[in-house]
Amino acid sequence: MKGLFIDGKWSPTPARYAVPNPATEEIFAEAPDGTVADLKRAIAAARRAFDDGPWRRTTAGDRAQILSRIADGIETRKDEFRSLLIGAGGATQVSFVNQLDAPIEQLRACAQLATSFEFELKLPSVTQQTRSGKREIHSLAVRHPVGVCGLIPTWNFPLYVTLQKVGPALLAGCTMVVKPSPWGPLVDLLLAEVVDSCDLPPGVFNVVTGQDPALGAELCESALVDKVSFTGSVATGKKIMQSCAQTLKRVHLELGGKSALLILDDAELDEQIPAIASPAYFHAGQGCAMRTRVLVSRKRHDEVVAKMSGFVGKYIKVGNPADPQIMMGPLIREERRRAVEGFVTSGVEEGAKLIVGGKRPKDLAKGFFLEPTIFAEVKNDMRIAREEIFGPVVCVLPYENEADAIRMANDSRFGLAGGIVTKDIGRAVEIAKQIRTGGVSVNGASNSLVTPFGGMKESGIGREGGAFGVEEFTELQSISWPS
């Protein structure tokens with residue numbers, strides 16, 4: 001990698017740190033290990049670019065052209081991104097629809113919003129009585145860019161998460177400093193190479209990588225930063241919110257989840273079992289929106305568990321993510337594998353029934369692999385049902401009736417995503433409205449290009465996706481005048 005990307009230039013740094021391949025445990029590459037001084041330079045560059053540069057005064061159409069160029073640049077370098085996602089992230093071929101294709105599609109959709117997003121909205125006029133008589137008052141609501149943004153994406157879907165922030169921020173007219181997770185810096189640096197070729201004014205887009213937690217702290221504490229957008233854990237999100245409160249920054253937090261999938265009794269299991277059994281093992285379960293609590297009526301509990309375990313045993317193959325036949329690769333680091341194993345132990349100790357998995361594959365001596373795991377007869381007060389595991393572990397919980405299922409789905413401190421499986425779409429929509437979660441998928445349907453994505457409760461604050469994501473990077477101003 002060329003170095004840090006600051007103020008439109010590449011800044012080589014002598015300090016580097018190793019990025020391992022989670023499938024082999026060998027060093028895959030080295031990343032620049034930036035310092036707080038580097039981050040301060042990037043923040044200052046973004047501040048100058050916003051206050052004094054031309055970017056925020058460009059038209060939405062001009063910004064959309066830049067977004068389209070970035071999307072084209074990523075498209076032409078897809079193989080390089082794919083190599084990084086496999087080698088540094090353990091991503092399997094099946095995940096590239098989300099890891100690589102969807103981010104490009106979302107960036108193009110964001111560019112298209114330039115023609116429809118209302119940066120200026122004419123409001124209804126009102127009649128005002130004055131001493132000299134009546135007069136009409138006319139008003140506009142104007143959306144201005146929020147300013148300098150600190151963007152802190154996570155490591156599990158690095159391009160997807162970063163572009164969910166960068167695209168809307170650029171369209172809104174913001175400038176930014178991207179501070180990737182130390183576990184996933186390489187994709188963001190390659191993205192900076194793409195941006196460097198797209199005629200973006202210096203200082204608008206900056207990337208500083210590094211291991212020091214003080215880098216993220218500086219973004220949150222700096223009075224030069226107007227907003228922080230973070231994707232990651234609840235614990236870190238709370239710290240970020242506390243830190244940003246000192247300067248009253250705008251905060252967007254996309255945090256953890258413990259999403260429930262409700263299977264209604266009329267569900268066609270043979271048709272839906274792939275959607276029920278496989279998503280939680282996608283990218284080794286390392287996704288905040290994965291449906292890891294499967295709620296099913298007691299009378300169909302054993303049937304669902306049997307079909308899930310049969311599907312997993314037949315189709316969820318674990319191994320080298322570079323092999324296109326492999327669906328599930330490794331966890332990102334050894335400490336994450338140990339943490340997931342701790343949850344497995346906890347589930348057994350609390351009385352849940354371990355149906356399949358829970359162990360390290362015997363035929364994979366190297367790499368941070370773990371078998372896909374299913375627990376049955378799980379109670380909603382067990383640790384494995386309460387906490388985000390962030391690994392390939394699914395809990396099947398029996399419910400007594402529909403009202404009980406809704407209660408169980410809502411009995412969580414999280415509220416990010418969820419799902420319903422049924423033949424009755426109308427009924428599913430009514431049930432979805434009763435679940436306190438940011439999004440609900442019925443029979444596996446999704447529409448990430450236009451729908452808002454984000455959480456309720458401890459799953460976060462704010463929304464990404466479509467026009468909703470652009471709104472998050474704007475501030476409203478009202479202008480009124482008489483006639």
# chains A, B, ... in the order shown; residues from 1 in each chain; ligands from 1
>>> select_by_dssp(residues="segment 389-464 of chain A", states="alpha helix (DSSP H)", output="PDB file with C-alpha atoms, in the first residue's frame")
ATOM      1  CA  GLU A 402     -48.074 -15.909  17.970  1.00  0.00           C
ATOM      2  CA  ALA A 403     -48.304 -13.390  20.795  1.00  0.00           C
ATOM      3  CA  ASP A 404     -45.545 -15.261  22.619  1.00  0.00           C
ATOM      4  CA  ALA A 405     -43.369 -15.133  19.488  1.00  0.00           C
ATOM      5  CA  ILE A 406     -43.779 -11.360  19.196  1.00  0.00           C
ATOM      6  CA  ARG A 407     -43.005 -10.940  22.886  1.00  0.00           C
ATOM      7  CA  MET A 408     -39.835 -13.036  22.567  1.00  0.00           C
ATOM      8  CA  ALA A 409     -38.698 -11.166  19.470  1.00  0.00           C
ATOM      9  CA  ASN A 410     -39.040  -7.873  21.348  1.00  0.00           C
ATOM     10  CA  ILE A 425     -47.889 -11.791   3.465  1.00  0.00           C
ATOM     11  CA  GLY A 426     -50.590  -9.528   4.876  1.00  0.00           C
ATOM     12  CA  ARG A 427     -50.339 -11.174   8.263  1.00  0.00           C
ATOM     13  CA  ALA A 428     -46.543 -10.946   8.130  1.00  0.00           C
ATOM     14  CA  VAL A 429     -46.696  -7.194   7.539  1.00  0.00           C
ATOM     15  CA  GLU A 430     -49.009  -6.739  10.530  1.00  0.00           C
ATOM     16  CA  ILE A 431     -46.716  -8.799  12.754  1.00  0.00           C
ATOM     17  CA  ALA A 432     -43.659  -6.899  11.472  1.00  0.00           C
TER      18      ALA A 432
END
>>> residues_around(residues="Arg108 of chain A", least_positions_apart="4", cutoff="8 Å", atoms="only C-alpha atoms", output="short mmCIF file (atom, residue, chain, number, x, y, z; two decimals) with C-alpha atoms, in the first residue's frame")
data_model
loop_
_atom_site.label_atom_id
_atom_site.label_comp_id
_atom_site.auth_asym_id
_atom_site.auth_seq_id
_atom_site.Cartn_x
_atom_site.Cartn_y
_atom_site.Cartn_z
CA LEU A 67 -19.69 9.06 -7.40
CA SER A 68 -20.20 7.41 -10.78
CA ALA A 71 -18.12 3.22 -8.93
CA ILE A 104 -21.01 -0.64 -6.35
CA GLN A 112 -28.92 8.76 -9.20
#
>>> residues_around(residues="segment 277-291 of chain A", least_positions_apart="4", cutoff="8 Å", atoms="only C-alpha atoms", output="PyMOL selection string")
chain A and resi 90-92+95+156+255-261+273+308-309+311-312+316+327-331+372+390-394+416-419
>>> closest_atom_pairs(of="segment 318-357 of chain A", to="segment 294-306 of chain A", cutoff="12 Å", atoms="only C-alpha atoms", output="CSV")
residue,atom,partner,partner_atom,distance
A:Lys353,CA,A:Val305,CA,10.7
A:Leu354,CA,A:Val305,CA,10.8
A:Ile355,CA,A:Val305,CA,8.1
A:Val356,CA,A:Val305,CA,10.0
>>> closest_residue(among="A:Gly184, A:Gln99, A:Ser116, A:Thr127", to="Leu159 of chain A", atoms="only C-alpha atoms")
A:Gln99
>>> closest_residue(among="A:Cys395, A:Leu171, A:Val19, A:Val94", to="Trp55 of chain A", atoms="only C-alpha atoms")
A:Leu171
